[in-house]
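Worksheet: the structure to be examined is printed underneath.
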Amino acid sequence: MLFAPTFYILIQMIWRQVISVGDTVVDATCGNGHDTAILAKLALGENNEGVVHGFDLQSSAIEKTSSLLDKELSTNQRKRVYLHHTCHSKLGQVIKEKNFVSVVAFNLGYLPGGEKGITTASNTTVEALMCATSLVKHGGIITLVSYIGHPGGRDEYEAVRDFATRLASDKWICSHWELLNRPLCPRLLVLLKK
Ligand SMILES: C[S@@+](CC[C@H](N)C(=O)[O-])C[C@H]1O[C@@H](n2cnc3c(N)ncnc32)[C@H](O)[C@@H]1O
């Protein structure tokens, strides 16, 4: 889809503004590992700087991410990526430090090239989002790409949008991006912790 690059360029520009080498970042939906690899290259240095946590419910996604990272990262960087084969609603059980993470990235929906029936779900996505709000540090962000074209996608988008709308305006700046002349385009939400 032609509109996809617009979103990915925008997200990567935003990540670059927020992430420094040495940061801790989270990919809440690893999928094929493309986002994890980009986040890892921004956060990981060669001298044990930075940590990446990646989550996915499907073992095939964890395997694909792991082999992409093996190719894309140096041996030192690869050692600092921890892949968790579990639901992202467990974020808070895996990462204990509050106000510490620079970016939590969600790319919702189904695994491209995988089983389209296995998608993220409103209830666990919102649970994960809630955990993410306490993990993110001041000046850090949560990014979400939400798709409305598949069954359940629009409900999930509305649930995350509703969650973001209710975040306290003295603590969070929440924005929403969409393409005006592409009604079914993915939606991008960026939640910045002040
Ligand atoms: C659109 S894909 C992610 C694409 C990925 N970021 C990339 O760069 O390739 C969504 C992923 O979310 C995963 N997923 C679905 N429900 C999940 C959950 N509750 N917790 C963690 N991952 C989940 C799916 O298995 C799928 O791999």
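Every chain in the structure tokens takes a letter, A first, then B, and so on in the order presented; its residues are numbered from 1, and the ligands are numbered from 1 following the presented order.
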
- May I have the residues within 7 Å of ligand 1, computed using only C-alpha atoms and all ligand atoms, as a count of residues only? 31

Which of segment 11-40 of chain A end up as helix (DSSP H, G or I) when DSSP is run on this backbone - answer as an mmCIF file with all heavy atoms, in the first residue's frame?
data_model
loop_
_atom_site.group_PDB
_atom_site.id
_atom_site.type_symbol
_atom_site.label_atom_id
_atom_site.label_comp_id
_atom_site.auth_asym_id
_atom_site.auth_seq_id
_atom_site.Cartn_x
_atom_site.Cartn_y
_atom_site.Cartn_z
ATOM 1 N N ILE A 11 6.931 7.808 11.804
ATOM 2 C CA ILE A 11 7.217 7.152 13.101
ATOM 3 C C ILE A 11 8.719 7.129 13.359
ATOM 4 O O ILE A 11 9.177 7.431 14.469
ATOM 5 C CB ILE A 11 6.684 5.703 13.125
ATOM 6 C CG1 ILE A 11 5.170 5.711 13.099
ATOM 7 C CG2 ILE A 11 7.158 4.965 14.375
ATOM 8 C CD1 ILE A 11 4.580 4.354 12.904
ATOM 9 N N GLN A 12 9.473 6.778 12.326
ATOM 10 C CA GLN A 12 10.930 6.695 12.537
ATOM 11 C C GLN A 12 11.515 8.071 12.840
ATOM 12 O O GLN A 12 12.441 8.188 13.652
ATOM 13 C CB GLN A 12 11.603 6.067 11.327
ATOM 14 C CG GLN A 12 11.296 4.576 11.250
ATOM 15 C CD GLN A 12 11.853 3.927 10.013
ATOM 16 O OE1 GLN A 12 12.919 4.306 9.543
ATOM 17 N NE2 GLN A 12 11.145 2.958 9.478
ATOM 18 N N MET A 13 10.964 9.117 12.217
ATOM 19 C CA MET A 13 11.448 10.473 12.535
ATOM 20 C C MET A 13 11.175 10.786 14.007
ATOM 21 O O MET A 13 12.011 11.356 14.713
ATOM 22 C CB MET A 13 10.730 11.513 11.658
ATOM 23 C CG MET A 13 11.297 11.604 10.254
ATOM 24 S SD MET A 13 10.232 12.570 9.158
ATOM 25 C CE MET A 13 10.129 14.096 10.015
ATOM 26 N N ILE A 14 10.011 10.385 14.475
ATOM 27 C CA ILE A 14 9.639 10.658 15.876
ATOM 28 C C ILE A 14 10.542 9.835 16.812
ATOM 29 O O ILE A 14 11.078 10.359 17.792
ATOM 30 C CB ILE A 14 8.139 10.354 16.104
ATOM 31 C CG1 ILE A 14 7.283 11.318 15.279
ATOM 32 C CG2 ILE A 14 7.779 10.456 17.583
ATOM 33 C CD1 ILE A 14 5.814 10.947 15.187
ATOM 34 N N TRP A 15 10.726 8.551 16.514
ATOM 35 C CA TRP A 15 11.604 7.717 17.363
ATOM 36 C C TRP A 15 13.004 8.324 17.450
ATOM 37 O O TRP A 15 13.597 8.369 18.524
ATOM 38 C CB TRP A 15 11.710 6.299 16.789
ATOM 39 C CG TRP A 15 10.490 5.449 16.959
ATOM 40 C CD1 TRP A 15 9.410 5.685 17.769
ATOM 41 C CD2 TRP A 15 10.210 4.216 16.277
ATOM 42 N NE1 TRP A 15 8.489 4.674 17.634
ATOM 43 C CE2 TRP A 15 8.948 3.768 16.735
ATOM 44 C CE3 TRP A 15 10.900 3.462 15.337
ATOM 45 C CZ2 TRP A 15 8.373 2.577 16.275
ATOM 46 C CZ3 TRP A 15 10.335 2.279 14.873
ATOM 47 C CH2 TRP A 15 9.081 1.848 15.341
ATOM 48 N N ARG A 16 13.507 8.790 16.297
ATOM 49 C CA ARG A 16 14.874 9.354 16.282
ATOM 50 C C ARG A 16 15.000 10.567 17.192
ATOM 51 O O ARG A 16 16.049 10.817 17.778
ATOM 52 C CB ARG A 16 15.248 9.795 14.860
ATOM 53 C CG ARG A 16 15.849 8.710 14.046
ATOM 54 C CD ARG A 16 16.105 9.144 12.606
ATOM 55 N NE ARG A 16 15.785 8.045 11.735
ATOM 56 C CZ ARG A 16 16.552 6.977 11.576
ATOM 57 N NH1 ARG A 16 17.697 6.908 12.192
ATOM 58 N NH2 ARG A 16 16.177 5.981 10.802
ATOM 59 N N GLN A 17 13.920 11.337 17.295
ATOM 60 C CA GLN A 17 13.946 12.529 18.157
ATOM 61 C C GLN A 17 14.004 12.152 19.635
ATOM 62 O O GLN A 17 14.505 12.898 20.458
ATOM 63 C CB GLN A 17 12.669 13.372 17.939
ATOM 64 C CG GLN A 17 12.613 14.079 16.607
ATOM 65 C CD GLN A 17 13.741 15.080 16.434
ATOM 66 O OE1 GLN A 17 14.022 15.865 17.333
ATOM 67 N NE2 GLN A 17 14.414 15.028 15.303
ATOM 68 N N VAL A 18 13.454 10.989 19.956
ATOM 69 C CA VAL A 18 13.237 10.641 21.369
ATOM 70 C C VAL A 18 14.315 9.691 21.910
ATOM 71 O O VAL A 18 14.682 9.765 23.082
ATOM 72 C CB VAL A 18 11.822 10.007 21.526
ATOM 73 C CG1 VAL A 18 11.580 9.540 22.945
ATOM 74 C CG2 VAL A 18 10.754 11.018 21.126
ATOM 75 N N HIS A 34 10.938 -5.905 12.019
ATOM 76 C CA HIS A 34 11.475 -4.697 11.369
ATOM 77 C C HIS A 34 11.537 -3.523 12.346
ATOM 78 O O HIS A 34 12.543 -2.809 12.418
ATOM 79 C CB HIS A 34 10.628 -4.325 10.148
ATOM 80 C CG HIS A 34 10.578 -5.422 9.129
ATOM 81 N ND1 HIS A 34 11.698 -5.834 8.442
ATOM 82 C CD2 HIS A 34 9.573 -6.215 8.720
ATOM 83 C CE1 HIS A 34 11.374 -6.827 7.634
ATOM 84 N NE2 HIS A 34 10.092 -7.084 7.791
ATOM 85 N N ASP A 35 10.461 -3.335 13.104
ATOM 86 C CA ASP A 35 10.452 -2.225 14.068
ATOM 87 C C ASP A 35 11.469 -2.478 15.182
ATOM 88 O O ASP A 35 12.165 -1.558 15.615
ATOM 89 C CB ASP A 35 9.056 -2.051 14.689
ATOM 90 C CG ASP A 35 8.011 -1.618 13.671
ATOM 91 O OD1 ASP A 35 8.389 -0.949 12.689
ATOM 92 O OD2 ASP A 35 6.831 -1.947 13.856
ATOM 93 N N THR A 36 11.549 -3.721 15.641
ATOM 94 C CA THR A 36 12.513 -4.047 16.717
ATOM 95 C C THR A 36 13.928 -3.696 16.266
ATOM 96 O O THR A 36 14.712 -3.125 17.040
ATOM 97 C CB THR A 36 12.448 -5.557 17.072
ATOM 98 O OG1 THR A 36 11.108 -6.009 17.044
ATOM 99 C CG2 THR A 36 13.053 -5.816 18.448
ATOM 100 N N ALA A 37 14.242 -4.025 15.017
ATOM 101 C CA ALA A 37 15.602 -3.766 14.503
ATOM 102 C C ALA A 37 15.879 -2.260 14.460
ATOM 103 O O ALA A 37 16.973 -1.812 14.836
ATOM 104 C CB ALA A 37 15.769 -4.395 13.120
ATOM 105 N N ILE A 38 14.899 -1.488 14.020
ATOM 106 C CA ILE A 38 15.102 -0.029 13.943
ATOM 107 C C ILE A 38 15.270 0.549 15.344
ATOM 108 O O ILE A 38 16.190 1.336 15.607
ATOM 109 C CB ILE A 38 13.919 0.640 13.199
ATOM 110 C CG1 ILE A 38 13.915 0.206 11.737
ATOM 111 C CG2 ILE A 38 13.998 2.166 13.303
ATOM 112 C CD1 ILE A 38 12.612 0.467 11.010
ATOM 113 N N LEU A 39 14.407 0.134 16.256
ATOM 114 C CA LEU A 39 14.503 0.625 17.641
ATOM 115 C C LEU A 39 15.857 0.241 18.245
ATOM 116 O O LEU A 39 16.504 1.048 18.929
ATOM 117 C CB LEU A 39 13.367 0.038 18.489
ATOM 118 C CG LEU A 39 11.957 0.547 18.152
ATOM 119 C CD1 LEU A 39 10.892 -0.368 18.756
ATOM 120 C CD2 LEU A 39 11.767 1.976 18.641
ATOM 121 N N ALA A 40 16.290 -0.988 17.970
ATOM 122 C CA ALA A 40 17.555 -1.476 18.538
ATOM 123 C C ALA A 40 18.738 -0.653 18.028
ATOM 124 O O ALA A 40 19.639 -0.297 18.794
ATOM 125 C CB ALA A 40 17.748 -2.953 18.182
#

- Counting only C-alpha atoms, the option among A:Leu167, A:Leu44, A:Val104, A:Leu179 closest to Thr75 of chain A: A:Leu44

- Task: Take atom CA of Leu192 of chain A and atom CA of Leu135 of chain A and report the distance between them in Å, one decimal.
- Result: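 Straight-line distance from atom CA of Leu192 of chain A to atom CA of Leu135 of chain A works out to 12.3 Å.
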
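Using only C-alpha atoms, the shortest contact distance between Glu97 of chain A and any of A:His150, A:Lys71, A:Lys137, A:His84 is found at A:Lys137.
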
- Residue neighbourhood Asp155 of chain A, 12 Å, only C-alpha atoms, exclusion window fewer than 2 positions, as number ranges by chain: A: 109, 120-123, 125-126, 146-153, 157-162

Write the residues of the preceding selection, restricted to N, CA and C atoms, as a PDB file, in the first residue's frame.
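So the final result, stored in part17.pdb, reads:
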ATOM      1  N   GLY A 109      -2.639  -5.370  15.054  1.00  0.00           N
ATOM      2  CA  GLY A 109      -3.153  -6.160  13.938  1.00  0.00           C
ATOM      3  C   GLY A 109      -2.532  -7.543  13.882  1.00  0.00           C
ATOM      4  N   THR A 120      -3.942  -8.642  17.442  1.00  0.00           N
ATOM      5  CA  THR A 120      -4.009  -8.011  18.759  1.00  0.00           C
ATOM      6  C   THR A 120      -5.489  -7.784  19.097  1.00  0.00           C
ATOM      7  N   ALA A 121      -5.789  -7.675  20.387  1.00  0.00           N
ATOM      8  CA  ALA A 121      -7.189  -7.576  20.818  1.00  0.00           C
ATOM      9  C   ALA A 121      -7.352  -6.387  21.763  1.00  0.00           C
ATOM     10  N   SER A 122      -8.515  -5.729  21.647  1.00  0.00           N
ATOM     11  CA  SER A 122      -8.748  -4.491  22.411  1.00  0.00           C
ATOM     12  C   SER A 122      -8.395  -4.619  23.886  1.00  0.00           C
ATOM     13  N   ASN A 123      -8.878  -5.686  24.551  1.00  0.00           N
ATOM     14  CA  ASN A 123      -8.709  -5.743  26.012  1.00  0.00           C
ATOM     15  C   ASN A 123      -7.240  -5.860  26.419  1.00  0.00           C
ATOM     16  N   THR A 125      -4.631  -5.131  24.516  1.00  0.00           N
ATOM     17  CA  THR A 125      -3.904  -3.951  24.037  1.00  0.00           C
ATOM     18  C   THR A 125      -4.047  -2.804  25.042  1.00  0.00           C
ATOM     19  N   VAL A 126      -5.267  -2.594  25.517  1.00  0.00           N
ATOM     20  CA  VAL A 126      -5.482  -1.496  26.484  1.00  0.00           C
ATOM     21  C   VAL A 126      -4.761  -1.803  27.803  1.00  0.00           C
ATOM     22  N   SER A 146      -2.516   1.631  14.371  1.00  0.00           N
ATOM     23  CA  SER A 146      -3.738   0.843  14.527  1.00  0.00           C
ATOM     24  C   SER A 146      -4.426   0.741  13.172  1.00  0.00           C
ATOM     25  N   TYR A 147      -4.841  -0.478  12.814  1.00  0.00           N
ATOM     26  CA  TYR A 147      -5.442  -0.728  11.497  1.00  0.00           C
ATOM     27  C   TYR A 147      -6.929  -0.964  11.668  1.00  0.00           C
ATOM     28  N   ILE A 148      -7.721  -0.401  10.747  1.00  0.00           N
ATOM     29  CA  ILE A 148      -9.168  -0.511  10.931  1.00  0.00           C
ATOM     30  C   ILE A 148      -9.821  -1.418   9.878  1.00  0.00           C
ATOM     31  N   GLY A 149      -9.025  -1.991   8.980  1.00  0.00           N
ATOM     32  CA  GLY A 149      -9.596  -2.739   7.851  1.00  0.00           C
ATOM     33  C   GLY A 149      -9.926  -4.189   8.144  1.00  0.00           C
ATOM     34  N   HIS A 150      -9.375  -4.778   9.216  1.00  0.00           N
ATOM     35  CA  HIS A 150      -9.627  -6.197   9.489  1.00  0.00           C
ATOM     36  C   HIS A 150     -10.679  -6.332  10.603  1.00  0.00           C
ATOM     37  N   PRO A 151     -11.318  -7.517  10.736  1.00  0.00           N
ATOM     38  CA  PRO A 151     -12.344  -7.683  11.769  1.00  0.00           C
ATOM     39  C   PRO A 151     -11.774  -7.368  13.163  1.00  0.00           C
ATOM     40  N   GLY A 152     -12.469  -6.532  13.882  1.00  0.00           N
ATOM     41  CA  GLY A 152     -12.038  -6.151  15.231  1.00  0.00           C
ATOM     42  C   GLY A 152     -11.095  -4.959  15.248  1.00  0.00           C
ATOM     43  N   GLY A 153     -10.550  -4.599  14.083  1.00  0.00           N
ATOM     44  CA  GLY A 153      -9.558  -3.521  14.016  1.00  0.00           C
ATOM     45  C   GLY A 153     -10.131  -2.163  14.412  1.00  0.00           C
ATOM     46  N   TYR A 157      -9.042   0.164  17.524  1.00  0.00           N
ATOM     47  CA  TYR A 157      -8.616   1.550  17.313  1.00  0.00           C
ATOM     48  C   TYR A 157      -9.421   2.489  18.217  1.00  0.00           C
ATOM     49  N   GLU A 158     -10.729   2.261  18.273  1.00  0.00           N
ATOM     50  CA  GLU A 158     -11.559   3.141  19.109  1.00  0.00           C
ATOM     51  C   GLU A 158     -11.203   2.998  20.587  1.00  0.00           C
ATOM     52  N   ALA A 159     -10.865   1.769  20.999  1.00  0.00           N
ATOM     53  CA  ALA A 159     -10.490   1.543  22.409  1.00  0.00           C
ATOM     54  C   ALA A 159      -9.183   2.267  22.751  1.00  0.00           C
ATOM     55  N   VAL A 160      -8.191   2.207  21.863  1.00  0.00           N
ATOM     56  CA  VAL A 160      -6.911   2.876  22.180  1.00  0.00           C
ATOM     57  C   VAL A 160      -7.068   4.403  22.083  1.00  0.00           C
ATOM     58  N   ARG A 161      -7.868   4.825  21.149  1.00  0.00           N
ATOM     59  CA  ARG A 161      -8.100   6.265  21.014  1.00  0.00           C
ATOM     60  C   ARG A 161      -8.825   6.802  22.249  1.00  0.00           C
ATOM     61  N   ASP A 162      -9.801   6.028  22.711  1.00  0.00           N
ATOM     62  CA  ASP A 162     -10.550   6.425  23.907  1.00  0.00           C
ATOM     63  C   ASP A 162      -9.605   6.488  25.121  1.00  0.00           C
TER      64      ASP A 162
END

- Query: Got a sec: who's within 9 Å of Val81 of chain A, counting only C-alpha atoms, leaving out chain neighbours fewer than 2 positions off, as a list in words?
  - Reply: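 Counting only the stated atoms, we get Thr36, Ala40, Leu44, Gly50, Val51, Val52, His53, Gly54, Leu69, Gln77, Arg78, Lys79 and Leu83 of chain A.
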
- Message: Using DSSP assignments from the backbone, pull out every residue in segment 20-89 of chain A that falls under strand (DSSP E) and give it to me as a list in words.
- Response: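 Written out, the strand (DSSP E) residues of segment 20-89 of chain A are Thr24, Val25, Val26, Asp27, Val51, Val52, His53, Gly54, Phe55, Val81, Tyr82, Leu83 and His84 of chain A.
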
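Using only C-alpha atoms, the smallest distance between any of A:Thr24, A:Thr143, A:Asn47, A:Thr133 and Trp172 of chain A comes from A:Thr133.
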
- Would you list the contacts of Gly140 of chain A as a count of residues only, taking every protein, DNA or RNA residue within 8 Å and counting only C-alpha atoms, but skipping same-chain residues closer than 6 positions in sequence? 7

- Go through A:Ala164, A:Ile141, A:Ile9, A:Cys174 and flag the residue nearest Val26 of chain A, using only C-alpha atoms for the distances.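 So, comparing all the options, the nearest one is A:Ile141.
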
- Item | Atom-to-atom span, atom CA of Leu129 of chain A and atom CA of Ala105 of chain A, Å | 9.9 Å

- Message: For a quick check of understanding, using only C-alpha atoms, which of A:Leu91, A:Leu42, A:Leu191, A:Ala168 has the smallest distance to Asp23 of chain A?
- Response: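 Distance minimum relative to Asp23 of chain A lands on A:Leu42.
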
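Using only C-alpha atoms, the shortest contact distance between Phe163 of chain A and any of A:His138, A:Leu180, A:Glu127, A:Leu188 is found at A:Glu127.
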